[in-house]
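Chemist: My file is structure-v2.cif. It has mmCIF, C-alpha atoms (C1' of nucleotides):
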data_upload
#
loop_
_atom_site.label_atom_id
_atom_site.label_comp_id
_atom_site.auth_asym_id
_atom_site.auth_seq_id
_atom_site.Cartn_x
_atom_site.Cartn_y
_atom_site.Cartn_z
CA MET T 29 -17.66 -32.05 17.81
CA VAL T 30 -18.81 -31.52 21.32
CA ALA T 31 -16.03 -31.06 23.81
CA SER T 32 -16.35 -32.92 27.06
CA LYS T 33 -17.95 -31.17 29.97
CA ARG T 34 -14.59 -31.28 31.65
CA ASP T 35 -12.94 -29.30 28.84
CA GLU T 36 -15.85 -26.93 28.71
CA LEU T 37 -15.53 -26.33 32.43
CA VAL T 38 -11.81 -25.67 32.25
CA HIS T 39 -12.22 -23.27 29.33
CA GLU T 40 -14.99 -21.31 31.00
CA ALA T 41 -13.36 -21.31 34.42
CA LEU T 42 -10.23 -19.96 32.80
CA GLN T 43 -12.09 -16.94 31.48
CA ILE T 44 -13.81 -16.30 34.79
CA PHE T 45 -10.73 -16.70 36.95
CA TYR T 46 -8.81 -14.44 34.56
CA ARG T 47 -11.51 -11.81 34.63
CA GLU T 48 -12.46 -11.90 38.31
CA GLY T 49 -9.53 -13.37 40.19
CA PHE T 50 -9.10 -16.62 42.08
CA HIS T 51 -10.15 -15.91 45.64
CA ALA T 52 -12.88 -13.60 44.39
CA THR T 53 -14.46 -16.38 42.29
CA GLY T 54 -16.44 -18.88 44.31
CA MET T 55 -17.53 -22.26 43.06
CA ASP T 56 -21.14 -21.07 43.23
CA LYS T 57 -20.27 -18.32 40.77
CA LEU T 58 -18.77 -20.87 38.42
CA VAL T 59 -22.00 -22.89 38.65
CA ALA T 60 -24.07 -19.78 37.90
CA GLU T 61 -21.94 -18.64 34.98
CA THR T 62 -21.16 -21.95 33.33
CA GLY T 63 -24.43 -23.75 33.97
CA ILE T 64 -22.42 -26.80 34.95
CA SER T 65 -23.56 -28.38 38.16
CA LYS T 66 -21.37 -28.30 41.21
CA THR T 67 -21.63 -32.04 41.50
CA SER T 68 -20.07 -32.44 38.06
CA MET T 69 -17.30 -30.02 38.88
CA TYR T 70 -16.34 -31.95 41.96
CA LYS T 71 -16.49 -35.19 40.00
CA HIS T 72 -13.82 -33.85 37.64
CA PHE T 73 -11.73 -31.95 40.16
CA ARG T 74 -11.32 -32.91 43.78
CA THR T 75 -10.79 -29.32 44.89
CA LYS T 76 -10.97 -25.78 43.62
CA GLU T 77 -7.18 -25.75 43.63
CA ASP T 78 -7.10 -28.67 41.21
CA LEU T 79 -9.44 -26.79 38.91
CA ILE T 80 -7.26 -23.69 39.08
CA LEU T 81 -4.19 -25.76 38.22
CA ALA T 82 -6.03 -27.18 35.21
CA THR T 83 -6.92 -23.68 33.99
CA LEU T 84 -3.27 -22.65 34.37
CA ARG T 85 -2.11 -25.62 32.32
CA LEU T 86 -4.55 -24.66 29.59
CA ARG T 87 -3.51 -21.02 29.75
CA ASP T 88 0.15 -21.93 29.47
CA GLU T 89 -0.59 -23.99 26.39
CA GLN T 90 -2.72 -21.27 24.79
CA PHE T 91 -0.28 -18.51 25.57
CA ARG T 92 2.79 -20.20 24.23
CA ASN T 93 1.06 -21.55 21.13
CA ASN T 94 -0.50 -18.21 20.28
CA PHE T 95 2.68 -16.27 20.78
CA ALA T 96 4.87 -18.75 18.97
CA ARG T 97 2.50 -18.72 16.00
CA ARG T 98 2.18 -14.95 15.91
CA VAL T 99 5.94 -14.45 16.20
CA GLU T 100 6.48 -16.84 13.30
CA GLU T 101 4.01 -14.85 11.23
CA LEU T 102 5.74 -11.59 12.03
CA ALA T 103 9.37 -12.51 11.30
CA ASP T 104 11.58 -15.13 9.75
CA THR T 105 14.99 -15.09 11.39
CA PRO T 106 15.71 -15.90 15.04
CA LEU T 107 17.00 -12.37 15.66
CA GLU T 108 13.94 -10.76 14.11
CA ARG T 109 11.66 -13.16 15.92
CA LEU T 110 13.20 -12.32 19.26
CA LYS T 111 12.37 -8.69 18.58
CA ALA T 112 8.96 -9.51 17.09
CA PHE T 113 7.92 -11.16 20.33
CA PHE T 114 7.66 -7.69 21.79
CA ASP T 115 5.44 -6.57 18.94
CA ALA T 116 3.17 -9.49 19.66
CA LEU T 117 3.19 -8.47 23.30
CA GLY T 118 2.05 -4.98 22.33
CA GLU T 119 -0.75 -6.47 20.23
CA TRP T 120 -1.91 -8.49 23.21
CA PHE T 121 -2.08 -5.35 25.36
CA GLN T 122 -4.48 -3.86 22.80
CA ASP T 123 -6.91 -6.73 23.23
CA ASP T 124 -10.10 -5.59 24.93
CA ASN T 125 -9.98 -8.56 27.24
CA PHE T 126 -6.41 -7.96 28.32
CA LYS T 127 -6.16 -8.00 32.11
CA SER T 128 -2.55 -8.59 32.96
CA CYS T 129 -1.06 -12.05 33.04
CA MET T 130 -2.89 -14.89 34.71
CA PHE T 131 0.33 -16.26 36.18
CA ILE T 132 1.47 -13.00 37.70
CA LYS T 133 -1.94 -12.68 39.27
CA ALA T 134 -1.82 -16.29 40.44
CA SER T 135 1.53 -15.70 42.13
CA SER T 136 0.10 -12.59 43.76
CA GLU T 137 -2.75 -14.54 45.29
CA TYR T 138 -0.72 -17.66 46.13
CA GLN T 139 2.50 -16.18 47.37
CA ASP T 140 4.21 -19.10 48.95
CA ALA T 141 6.82 -20.43 46.53
CA LYS T 142 5.99 -23.98 47.60
CA HIS T 143 2.30 -23.65 46.76
CA PRO T 144 1.46 -25.67 43.62
CA ILE T 145 -0.23 -22.68 42.01
CA HIS T 146 2.78 -20.47 42.61
CA ALA T 147 5.04 -23.20 41.31
CA ALA T 148 2.96 -23.52 38.14
CA ALA T 149 3.31 -19.79 37.54
CA ALA T 150 7.06 -19.93 38.08
CA GLU T 151 7.33 -22.81 35.64
CA HIS T 152 5.37 -20.92 32.98
CA LYS T 153 7.81 -18.03 33.22
CA ARG T 154 10.76 -20.38 33.09
CA LEU T 155 9.45 -21.79 29.83
CA LEU T 156 9.12 -18.27 28.45
CA ALA T 157 12.71 -17.49 29.41
CA HIS T 158 13.74 -20.72 27.74
CA TYR T 159 11.94 -19.65 24.56
CA PHE T 160 13.92 -16.39 24.57
CA GLU T 161 17.12 -18.26 25.20
CA GLU T 162 16.60 -20.64 22.28
CA LEU T 163 15.95 -17.74 19.92
CA ALA T 164 18.97 -15.85 21.23
CA LYS T 165 21.18 -18.90 20.78
CA ALA T 166 19.87 -19.51 17.27
CA ALA T 167 20.62 -15.88 16.48
CA GLY T 168 24.17 -16.38 17.72
CA LEU T 169 23.89 -13.66 20.35
CA ASN T 170 26.31 -13.26 23.26
CA ASP T 171 25.24 -14.48 26.70
CA ALA T 172 21.97 -15.92 25.43
CA GLU T 173 20.99 -17.07 28.90
CA GLY T 174 21.55 -13.68 30.52
CA LEU T 175 19.85 -11.87 27.67
CA ALA T 176 16.86 -14.19 28.00
CA ARG T 177 16.58 -13.35 31.70
CA ARG T 178 16.75 -9.63 30.99
CA LEU T 179 14.11 -9.90 28.27
CA LEU T 180 11.86 -11.85 30.62
CA ILE T 181 12.14 -9.01 33.13
CA LEU T 182 11.14 -6.55 30.41
CA ALA T 183 8.16 -8.60 29.29
CA GLU T 184 6.81 -9.01 32.82
CA GLY T 185 7.27 -5.34 33.63
CA ALA T 186 5.44 -4.35 30.47
CA ILE T 187 2.51 -6.58 31.37
CA VAL T 188 2.27 -5.08 34.86
CA ILE T 189 2.44 -1.50 33.60
CA ALA T 190 0.00 -2.12 30.77
CA HIS T 191 -2.43 -3.37 33.37
CA LEU T 192 -1.81 -0.50 35.79
CA HIS T 193 -1.37 2.48 33.50
CA GLY T 194 -3.27 1.40 30.44
CA VAL T 195 -1.92 0.36 27.13
CA GLU T 196 -0.67 3.73 25.95
CA ASN T 197 3.06 3.79 25.15
CA VAL T 198 3.80 0.48 26.81
CA GLY T 199 3.99 -1.56 23.62
CA ASN T 200 6.39 0.88 22.01
CA ASP T 201 8.39 1.36 25.18
CA VAL T 202 8.99 -2.30 25.76
CA LYS T 203 9.83 -2.94 22.12
CA ALA T 204 12.37 -0.13 22.15
CA ALA T 205 13.93 -1.36 25.37
CA ALA T 206 14.05 -4.94 24.11
CA VAL T 207 15.71 -3.93 20.86
CA ALA T 208 18.26 -1.90 22.80
CA LEU T 209 19.11 -4.88 25.01
CA ILE T 210 19.24 -7.28 22.08
CA ASP T 211 21.48 -4.97 20.09
CA THR T 212 23.99 -4.83 22.92
CA ALA T 213 24.31 -8.62 22.61
CA CYS T 214 24.98 -8.66 18.88
CA MET R 21 6.16 7.80 72.55
CA VAL R 22 3.16 5.56 72.09
CA ALA R 23 1.68 5.64 68.63
CA SER R 24 -2.09 5.80 68.43
CA LYS R 25 -3.97 2.56 68.07
CA ARG R 26 -4.94 3.71 64.64
CA ASP R 27 -1.32 3.96 63.54
CA GLU R 28 -0.52 0.68 65.21
CA LEU R 29 -3.38 -0.98 63.35
CA VAL R 30 -2.29 0.39 59.99
CA HIS R 31 1.31 -0.67 60.54
CA GLU R 32 0.38 -4.18 61.59
CA ALA R 33 -2.30 -4.61 58.95
CA LEU R 34 0.26 -3.57 56.36
CA GLN R 35 2.56 -6.40 57.35
CA ILE R 36 -0.23 -8.95 57.38
CA PHE R 37 -1.79 -7.91 54.08
CA TYR R 38 1.67 -7.88 52.51
CA ARG R 39 2.46 -11.32 53.84
CA GLU R 40 -0.89 -13.04 53.35
CA GLY R 41 -2.76 -11.11 50.67
CA PHE R 42 -5.90 -9.01 50.77
CA HIS R 43 -8.77 -11.38 50.11
CA ALA R 44 -7.00 -14.09 52.08
CA THR R 45 -6.81 -11.91 55.19
CA GLY R 46 -10.08 -11.62 57.07
CA MET R 47 -10.84 -9.01 59.69
CA ASP R 48 -10.98 -11.79 62.29
CA LYS R 49 -7.39 -12.67 61.46
CA LEU R 50 -6.38 -9.06 61.95
CA VAL R 51 -8.06 -9.13 65.34
CA ALA R 52 -6.25 -12.33 66.28
CA GLU R 53 -2.83 -11.15 65.10
CA THR R 54 -2.88 -7.54 66.24
CA GLY R 55 -4.84 -7.96 69.47
CA ILE R 56 -6.82 -4.88 68.50
CA SER R 57 -10.55 -5.33 68.89
CA LYS R 58 -12.78 -5.42 65.88
CA THR R 59 -14.89 -2.67 67.36
CA SER R 60 -11.88 -0.37 67.42
CA MET R 61 -10.97 -1.24 63.85
CA TYR R 62 -14.41 -0.31 62.63
CA LYS R 63 -14.30 2.89 64.67
CA HIS R 64 -11.23 3.98 62.73
CA PHE R 65 -12.13 2.58 59.32
CA ARG R 66 -15.63 2.24 57.99
CA THR R 67 -14.77 -0.75 55.81
CA LYS R 68 -11.98 -3.20 55.15
CA GLU R 69 -11.37 -1.37 51.89
CA ASP R 70 -10.69 1.87 53.77
CA LEU R 71 -8.18 0.05 55.93
CA ILE R 72 -6.46 -1.40 52.88
CA LEU R 73 -6.24 2.05 51.32
CA ALA R 74 -4.64 3.35 54.51
CA THR R 75 -2.04 0.59 54.45
CA LEU R 76 -1.27 1.40 50.82
CA ARG R 77 -0.77 5.07 51.66
CA LEU R 78 1.65 4.09 54.40
CA ARG R 79 3.46 1.67 52.14
CA ASP R 80 3.83 4.28 49.43
CA GLU R 81 5.36 6.66 51.95
CA GLN R 82 7.71 4.04 53.37
CA PHE R 83 8.77 2.75 50.00
CA ARG R 84 9.61 6.07 48.48
CA ASN R 85 11.31 7.41 51.60
CA ASN R 86 13.44 4.32 52.05
CA PHE R 87 14.47 4.15 48.42
CA ALA R 88 15.17 7.86 48.12
CA ARG R 89 17.35 7.73 51.24
CA ARG R 90 19.19 4.60 50.17
CA VAL R 91 19.83 5.96 46.68
CA GLU R 92 21.23 9.18 48.15
CA GLU R 93 23.57 7.13 50.31
CA LEU R 94 24.76 5.10 47.35
CA ALA R 95 25.51 7.87 44.85
CA ASP R 96 25.92 11.61 44.48
CA THR R 97 25.10 12.65 40.93
CA PRO R 98 21.70 12.31 39.26
CA LEU R 99 23.10 9.93 36.67
CA GLU R 100 24.73 7.71 39.27
CA ARG R 101 21.63 7.84 41.43
CA LEU R 102 19.43 6.72 38.57
CA LYS R 103 21.65 3.68 38.23
CA ALA R 104 21.97 3.21 41.98
CA PHE R 105 18.21 2.83 42.28
CA PHE R 106 18.60 -0.59 40.71
CA ASP R 107 21.25 -1.53 43.26
CA ALA R 108 18.82 -0.57 46.00
CA LEU R 109 16.20 -2.68 44.27
CA GLY R 110 18.56 -5.66 44.33
CA GLU R 111 19.17 -5.10 48.04
CA TRP R 112 15.44 -5.14 48.65
CA PHE R 113 15.11 -8.50 46.89
CA GLN R 114 17.64 -9.93 49.35
CA ASP R 115 15.45 -8.98 52.30
CA ASP R 116 14.06 -12.09 53.98
CA ASN R 117 10.63 -10.50 54.11
CA PHE R 118 10.57 -9.61 50.41
CA LYS R 119 7.36 -10.82 48.84
CA SER R 120 6.92 -8.90 45.64
CA CYS R 121 5.41 -5.43 45.57
CA MET R 122 2.30 -4.69 47.57
CA PHE R 123 0.89 -2.55 44.76
CA ILE R 124 1.37 -5.13 42.04
CA LYS R 125 -0.39 -7.63 44.26
CA ALA R 126 -3.13 -5.13 45.03
CA SER R 127 -3.75 -4.55 41.34
CA SER R 128 -3.85 -8.31 40.83
CA GLU R 129 -6.59 -8.71 43.41
CA TYR R 130 -8.50 -5.55 42.50
CA GLN R 131 -8.32 -5.60 38.74
CA ASP R 132 -10.84 -3.00 37.76
CA ALA R 133 -8.97 0.21 36.90
CA LYS R 134 -11.74 2.24 38.49
CA HIS R 135 -11.48 0.49 41.83
CA PRO R 136 -9.92 2.79 44.45
CA ILE R 137 -7.34 0.17 45.41
CA HIS R 138 -6.29 -0.33 41.81
CA ALA R 139 -6.14 3.43 41.34
CA ALA R 140 -3.92 3.80 44.41
CA ALA R 141 -1.53 1.22 42.98
CA ALA R 142 -1.43 2.99 39.63
CA GLU R 143 -0.71 6.29 41.33
CA HIS R 144 2.16 4.78 43.30
CA LYS R 145 3.78 3.59 40.09
CA ARG R 146 3.22 6.96 38.45
CA LEU R 147 5.12 8.60 41.29
CA LEU R 148 7.95 6.14 40.81
CA ALA R 149 8.11 6.93 37.10
CA HIS R 150 8.13 10.62 38.01
CA TYR R 151 11.08 10.02 40.33
CA PHE R 152 12.99 8.40 37.47
CA GLU R 153 12.06 11.22 35.16
CA GLU R 154 13.32 13.92 37.54
CA LEU R 155 16.65 12.14 37.93
CA ALA R 156 16.94 11.66 34.18
CA LYS R 157 16.20 15.31 33.55
CA ALA R 158 18.69 16.43 36.18
CA ALA R 159 21.26 14.19 34.53
CA GLY R 160 20.54 15.88 31.21
CA LEU R 161 19.56 12.64 29.49
CA ASN R 162 17.67 12.44 26.20
CA ASP R 163 13.97 11.65 26.28
CA ALA R 164 13.79 11.67 30.07
CA GLU R 165 10.10 10.82 30.05
CA GLY R 166 10.45 7.83 27.75
CA LEU R 167 13.50 6.59 29.60
CA ALA R 168 11.61 6.84 32.88
CA ARG R 169 8.80 4.71 31.46
CA ARG R 170 11.25 2.08 30.23
CA LEU R 171 13.03 1.99 33.59
CA LEU R 172 9.69 1.58 35.35
CA ILE R 173 8.98 -1.44 33.17
CA LEU R 174 12.34 -2.89 34.14
CA ALA R 175 11.81 -2.31 37.84
CA GLU R 176 8.37 -3.94 37.84
CA GLY R 177 9.55 -6.90 35.82
CA ALA R 178 12.44 -7.45 38.19
CA ILE R 179 10.10 -7.44 41.18
CA VAL R 180 7.82 -10.00 39.56
CA ILE R 181 10.66 -12.30 38.59
CA ALA R 182 12.40 -11.99 41.96
CA HIS R 183 9.14 -13.12 43.52
CA LEU R 184 8.59 -15.97 41.06
CA HIS R 185 12.08 -17.31 40.44
CA GLY R 186 13.86 -16.26 43.60
CA VAL R 187 16.42 -13.56 44.05
CA GLU R 188 19.29 -15.20 42.18
CA ASN R 189 20.60 -13.15 39.27
CA VAL R 190 17.67 -10.76 39.22
CA GLY R 191 19.44 -7.90 40.96
CA ASN R 192 22.41 -8.08 38.63
CA ASP R 193 20.26 -8.63 35.57
CA VAL R 194 18.06 -5.64 36.16
CA LYS R 195 21.01 -3.41 37.02
CA ALA R 196 22.79 -4.40 33.81
CA ALA R 197 19.67 -3.82 31.74
CA ALA R 198 19.01 -0.46 33.39
CA VAL R 199 22.57 0.71 32.80
CA ALA R 200 22.31 -0.34 29.17
CA LEU R 201 19.10 1.63 28.70
CA ILE R 202 20.44 4.67 30.54
CA ASP R 203 23.65 4.65 28.53
CA THR R 204 21.72 4.74 25.27
CA ALA R 205 20.17 8.02 26.49
CA CYS R 206 23.45 9.74 27.31
"C1'" DT P 11 -15.71 14.41 90.78
"C1'" DA P 12 -17.55 14.44 86.33
"C1'" DC P 13 -17.18 13.95 81.67
"C1'" DA P 14 -15.64 12.66 77.08
"C1'" DA P 15 -12.77 10.00 74.07
"C1'" DG P 16 -10.95 5.96 72.95
"C1'" DG P 17 -10.67 1.11 73.66
"C1'" DT P 18 -12.59 -3.55 74.94
"C1'" DG P 19 -15.25 -8.24 74.77
"C1'" DT P 20 -18.75 -10.91 73.17
"C1'" DA P 21 -22.19 -12.28 70.67
"C1'" DC P 22 -24.60 -11.74 66.78
"C1'" DT P 23 -26.54 -11.14 61.53
"C1'" DG P 24 -26.80 -12.57 57.02
"C1'" DA P 25 -24.09 -13.70 53.33
"C1'" DT P 26 -20.73 -16.55 51.23
"C1'" DC P 27 -17.10 -20.01 51.23
"C1'" DT P 28 -15.53 -25.07 49.97
"C1'" DG P 29 -17.10 -29.41 49.76
"C1'" DT P 30 -20.65 -33.44 50.39
"C1'" DA P 31 -24.93 -36.47 50.33
"C1'" DC P 32 -28.35 -38.48 47.84
"C1'" DA P 33 -31.69 -39.44 44.70
"C1'" DT P 34 -32.70 -38.70 39.76
"C1'" DG P 35 -32.17 -38.12 34.66
"C1'" DT P 36 -29.78 -38.89 30.08
"C1'" DT P 37 -27.10 -41.28 26.72
"C1'" DG P 38 -24.30 -44.52 24.18
"C1'" DT P 39 -23.02 -49.35 23.77
"C1'" DC P 40 -23.37 -54.18 24.07
"C1'" DG O 26 -33.63 -53.87 27.02
"C1'" DA O 27 -29.88 -53.68 30.42
"C1'" DC O 28 -26.04 -51.60 32.07
"C1'" DA O 29 -22.44 -48.19 32.97
"C1'" DA O 30 -20.87 -43.63 32.55
"C1'" DC O 31 -21.86 -39.18 32.97
"C1'" DA O 32 -24.63 -35.49 34.22
"C1'" DT O 33 -28.18 -33.18 37.01
"C1'" DG O 34 -30.89 -30.61 41.15
"C1'" DT O 35 -31.35 -29.68 45.71
"C1'" DA O 36 -30.28 -29.35 50.05
"C1'" DC O 37 -27.08 -29.29 53.38
"C1'" DA O 38 -22.69 -29.01 56.80
"C1'" DG O 39 -19.41 -26.35 58.88
"C1'" DA O 40 -16.37 -22.70 58.40
"C1'" DT O 41 -15.47 -18.06 57.44
"C1'" DC O 42 -16.65 -13.56 55.47
"C1'" DA O 43 -17.69 -8.23 56.44
"C1'" DG O 44 -19.90 -5.59 59.46
"C1'" DT O 45 -23.01 -4.34 63.78
"C1'" DA O 46 -25.08 -3.98 68.58
"C1'" DC O 47 -24.46 -3.19 73.15
"C1'" DA O 48 -22.72 -2.90 77.53
"C1'" DC O 49 -18.47 -2.05 79.86
"C1'" DC O 50 -13.65 -0.34 81.03
"C1'" DT O 51 -9.62 3.05 81.17
"C1'" DT O 52 -7.52 7.41 81.10
"C1'" DG O 53 -6.61 12.29 80.64
"C1'" DT O 54 -8.54 16.69 81.55
"C1'" DA O 55 -11.33 20.25 83.38
#
Now that the file is in, can you turn its structure into structure tokens?
Modeler:
Amino acid sequence: MVASKRDELVHEALQIFYREGFHATGMDKLVAETGISKTSMYKHFRTKEDLILATLRLRDEQFRNNFARRVEELADTPLERLKAFFDALGEWFQDDNFKSCMFIKASSEYQDAKHPIHAAAAEHKRLLAHYFEELAKAAGLNDAEGLARRLLILAEGAIVIAHLHGVENVGNDVKAAAVALIDTAC
Amino acid sequence: MVASKRDELVHEALQIFYREGFHATGMDKLVAETGISKTSMYKHFRTKEDLILATLRLRDEQFRNNFARRVEELADTPLERLKAFFDALGEWFQDDNFKSCMFIKASSEYQDAKHPIHAAAAEHKRLLAHYFEELAKAAGLNDAEGLARRLLILAEGAIVIAHLHGVENVGNDVKAAAVALIDTAC
DNA sequence: TACAAGGTGTACTGATCTGTACATGTTGTC
DNA sequence: GACAACATGTACAGATCAGTACACCTTGTA
């Protein structure tokens, strides 16, 4: 099955934006690296911003599917899964292609909260917090909502530090901290 | 006392880069907003990158001085000061001009770990971890180094979430999480 | 008065940016 | 075979990017 050019473009642009950044990636670079003509790109997306938003939607989908699947592989109960998320996070940091989180970087380049790209990043993180909250509720933990917010803070901090200081320790550190926070809510 | 044009440039460029981003701020915009001529800028700094590095050095100085002072105002013992850092962090989030952390944003725009700007950001965070570690040691806590790394993760995550989701809750959440982690090391 | 240091204004180079115009080629379906 | 949908190449507009050239002005000091 051959994916449509549109899908191909979004998939490839995702990789390039993730690797190189948004402002630093021009449309000409996308043409050069994907082999897709600029005319086609602008047929599918009216602006570069629209293309970026499409890559973020895809990334959100990928990220949450991959993590949900991996967490389900790693553990069976809601409580164990909540903790296992932070193992999966550590595994991600080990990936050779790991370069921080696309949404954190997007919000760094598009800082205005009202900007659609910033808003998409905020929404992605809200969904992640919601995921934590559902697991915490299912595990019968106290203050599931507050715990979810605290775990989100941990996850984001770990991503930033893994990117800045390299992967060493970070996976273990964030897992330990997460377990400590979760245990206080038992 | 009149500061030198060089200092004036670095101070103003810092504000603009912080507010608008690095790639998004052209040298022509700096000329327009500071009133300093481009010729003068390039007399003081060979490249835009050199200017950015100078703003990061200033920011590092400001950040650590301000926080150290505020933390000393808020508490007297090492243990209390370690906790008080997260109160000071919450105060920062309330600042109308708060727009995440300049170093996180710098590492988002300059992703390569070998890039001087990325390296400067990494160093800034290492100094912050060191600050935590010294306080933890002075407080006689267990595993001061590990605790410092976990607290750094918390601080960075809180900054990211305060930027993405707004200030609500974040200050209290991160303080509660930090206290929980610190108390497990007592 | 002379000089040097620092600052200025303007106009420019050559590259790159987003986005468009326009004519052409390919492919699947009726 | 005809048509529509989708893709292509090329060339361009107009703005902006980092950085430079060059002639001039201001000010403190000797």
Chemist: If the PyMOL selection byres ((chain R) within 10 of (chain P)) is run on the structure shown, which residues does it catch, given as a ChimeraX atom specification?
Modeler: /R:24-25,56-60,63
Chemist: Export C-alpha atoms of the chosen residues as a PDB file, keeping the file's coordinate frame?
Modeler:
ATOM      1  CA  SER R  24      -2.090   5.800  68.430  1.00  0.00           C
ATOM      2  CA  LYS R  25      -3.970   2.560  68.070  1.00  0.00           C
ATOM      3  CA  ILE R  56      -6.820  -4.880  68.500  1.00  0.00           C
ATOM      4  CA  SER R  57     -10.550  -5.330  68.890  1.00  0.00           C
ATOM      5  CA  LYS R  58     -12.780  -5.420  65.880  1.00  0.00           C
ATOM      6  CA  THR R  59     -14.890  -2.670  67.360  1.00  0.00           C
ATOM      7  CA  SER R  60     -11.880  -0.370  67.420  1.00  0.00           C
ATOM      8  CA  LYS R  63     -14.300   2.890  64.670  1.00  0.00           C
TER       9      LYS R  63
END
Chemist: Using only C-alpha atoms (C1' of nucleotides) and a distance of at most 10 Å, pull out the residues of chain O that contact chain T, as a PyMOL selection string.
Modeler: chain O and resi 31-34
Chemist: Which chain T residues are at most 9 Å from chain R (counting only C-alpha atoms), as a PDB file with C-alpha atoms, keeping the file's coordinate frame?
Modeler:
ATOM      1  CA  ARG T  47     -11.510 -11.810  34.630  1.00  0.00           C
ATOM      2  CA  GLU T  48     -12.460 -11.900  38.310  1.00  0.00           C
ATOM      3  CA  GLY T  49      -9.530 -13.370  40.190  1.00  0.00           C
ATOM      4  CA  PHE T  50      -9.100 -16.620  42.080  1.00  0.00           C
ATOM      5  CA  HIS T  51     -10.150 -15.910  45.640  1.00  0.00           C
ATOM      6  CA  ALA T  52     -12.880 -13.600  44.390  1.00  0.00           C
ATOM      7  CA  LYS T 127      -6.160  -8.000  32.110  1.00  0.00           C
ATOM      8  CA  SER T 128      -2.550  -8.590  32.960  1.00  0.00           C
ATOM      9  CA  ILE T 132       1.470 -13.000  37.700  1.00  0.00           C
ATOM     10  CA  LYS T 133      -1.940 -12.680  39.270  1.00  0.00           C
ATOM     11  CA  ALA T 134      -1.820 -16.290  40.440  1.00  0.00           C
ATOM     12  CA  SER T 135       1.530 -15.700  42.130  1.00  0.00           C
ATOM     13  CA  SER T 136       0.100 -12.590  43.760  1.00  0.00           C
ATOM     14  CA  GLU T 137      -2.750 -14.540  45.290  1.00  0.00           C
ATOM     15  CA  TYR T 138      -0.720 -17.660  46.130  1.00  0.00           C
ATOM     16  CA  GLN T 139       2.500 -16.180  47.370  1.00  0.00           C
ATOM     17  CA  ASP T 140       4.210 -19.100  48.950  1.00  0.00           C
ATOM     18  CA  ALA T 141       6.820 -20.430  46.530  1.00  0.00           C
ATOM     19  CA  HIS T 146       2.780 -20.470  42.610  1.00  0.00           C
ATOM     20  CA  ALA T 147       5.040 -23.200  41.310  1.00  0.00           C
ATOM     21  CA  ALA T 149       3.310 -19.790  37.540  1.00  0.00           C
ATOM     22  CA  ALA T 150       7.060 -19.930  38.080  1.00  0.00           C
ATOM     23  CA  GLU T 151       7.330 -22.810  35.640  1.00  0.00           C
ATOM     24  CA  LYS T 153       7.810 -18.030  33.220  1.00  0.00           C
ATOM     25  CA  ARG T 154      10.760 -20.380  33.090  1.00  0.00           C
ATOM     26  CA  GLY T 174      21.550 -13.680  30.520  1.00  0.00           C
ATOM     27  CA  LEU T 175      19.850 -11.870  27.670  1.00  0.00           C
ATOM     28  CA  ARG T 177      16.580 -13.350  31.700  1.00  0.00           C
ATOM     29  CA  ARG T 178      16.750  -9.630  30.990  1.00  0.00           C
ATOM     30  CA  LEU T 179      14.110  -9.900  28.270  1.00  0.00           C
ATOM     31  CA  LEU T 180      11.860 -11.850  30.620  1.00  0.00           C
ATOM     32  CA  ILE T 181      12.140  -9.010  33.130  1.00  0.00           C
ATOM     33  CA  LEU T 182      11.140  -6.550  30.410  1.00  0.00           C
ATOM     34  CA  ALA T 183       8.160  -8.600  29.290  1.00  0.00           C
ATOM     35  CA  GLU T 184       6.810  -9.010  32.820  1.00  0.00           C
ATOM     36  CA  GLY T 185       7.270  -5.340  33.630  1.00  0.00           C
ATOM     37  CA  ALA T 186       5.440  -4.350  30.470  1.00  0.00           C
ATOM     38  CA  ILE T 187       2.510  -6.580  31.370  1.00  0.00           C
ATOM     39  CA  VAL T 188       2.270  -5.080  34.860  1.00  0.00           C
ATOM     40  CA  ILE T 189       2.440  -1.500  33.600  1.00  0.00           C
ATOM     41  CA  HIS T 191      -2.430  -3.370  33.370  1.00  0.00           C
ATOM     42  CA  LEU T 192      -1.810  -0.500  35.790  1.00  0.00           C
ATOM     43  CA  HIS T 193      -1.370   2.480  33.500  1.00  0.00           C
ATOM     44  CA  GLY T 194      -3.270   1.400  30.440  1.00  0.00           C
ATOM     45  CA  ASN T 197       3.060   3.790  25.150  1.00  0.00           C
ATOM     46  CA  VAL T 198       3.800   0.480  26.810  1.00  0.00           C
ATOM     47  CA  ASP T 201       8.390   1.360  25.180  1.00  0.00           C
ATOM     48  CA  VAL T 202       8.990  -2.300  25.760  1.00  0.00           C
ATOM     49  CA  ALA T 204      12.370  -0.130  22.150  1.00  0.00           C
ATOM     50  CA  ALA T 205      13.930  -1.360  25.370  1.00  0.00           C
ATOM     51  CA  ALA T 208      18.260  -1.900  22.800  1.00  0.00           C
ATOM     52  CA  LEU T 209      19.110  -4.880  25.010  1.00  0.00           C
ATOM     53  CA  THR T 212      23.990  -4.830  22.920  1.00  0.00           C
TER      54      THR T 212
END
Chemist: Would you work out the distance separating CA of Asp203 (chain R) from CA of Asn162 (chain R), expressed in Å to one decimal?
Modeler: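 Straight-line distance from CA of Asp203 (chain R) to CA of Asn162 (chain R) works out to 10.1 Å.
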Chemist: In Å, with one decimal, what is the gap from CA of Val38 (chain T) to C1' of DA30 (chain O)?
Modeler: 20.1 Å
Chemist: Would you compute the distance between CA of Asp48 (chain R) and CA of Arg26 (chain R)? Give it in Å to one decimal.
Modeler: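 Those two atoms sit 16.8 Å apart.
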Chemist: Apply the PyMOL selection byres ((chain T and resi 110) around 9) to the file shown and report the selected residues as a list in words.
Modeler: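 Written out, the selection comes to Val99, Ala103, Thr105, Pro106, Leu107, Glu108, Arg109, Lys111, Ala112, Phe113, Phe114, Phe160, Leu163, Ala164, Ala167, Ala206, Val207 and Ile210 of chain T.
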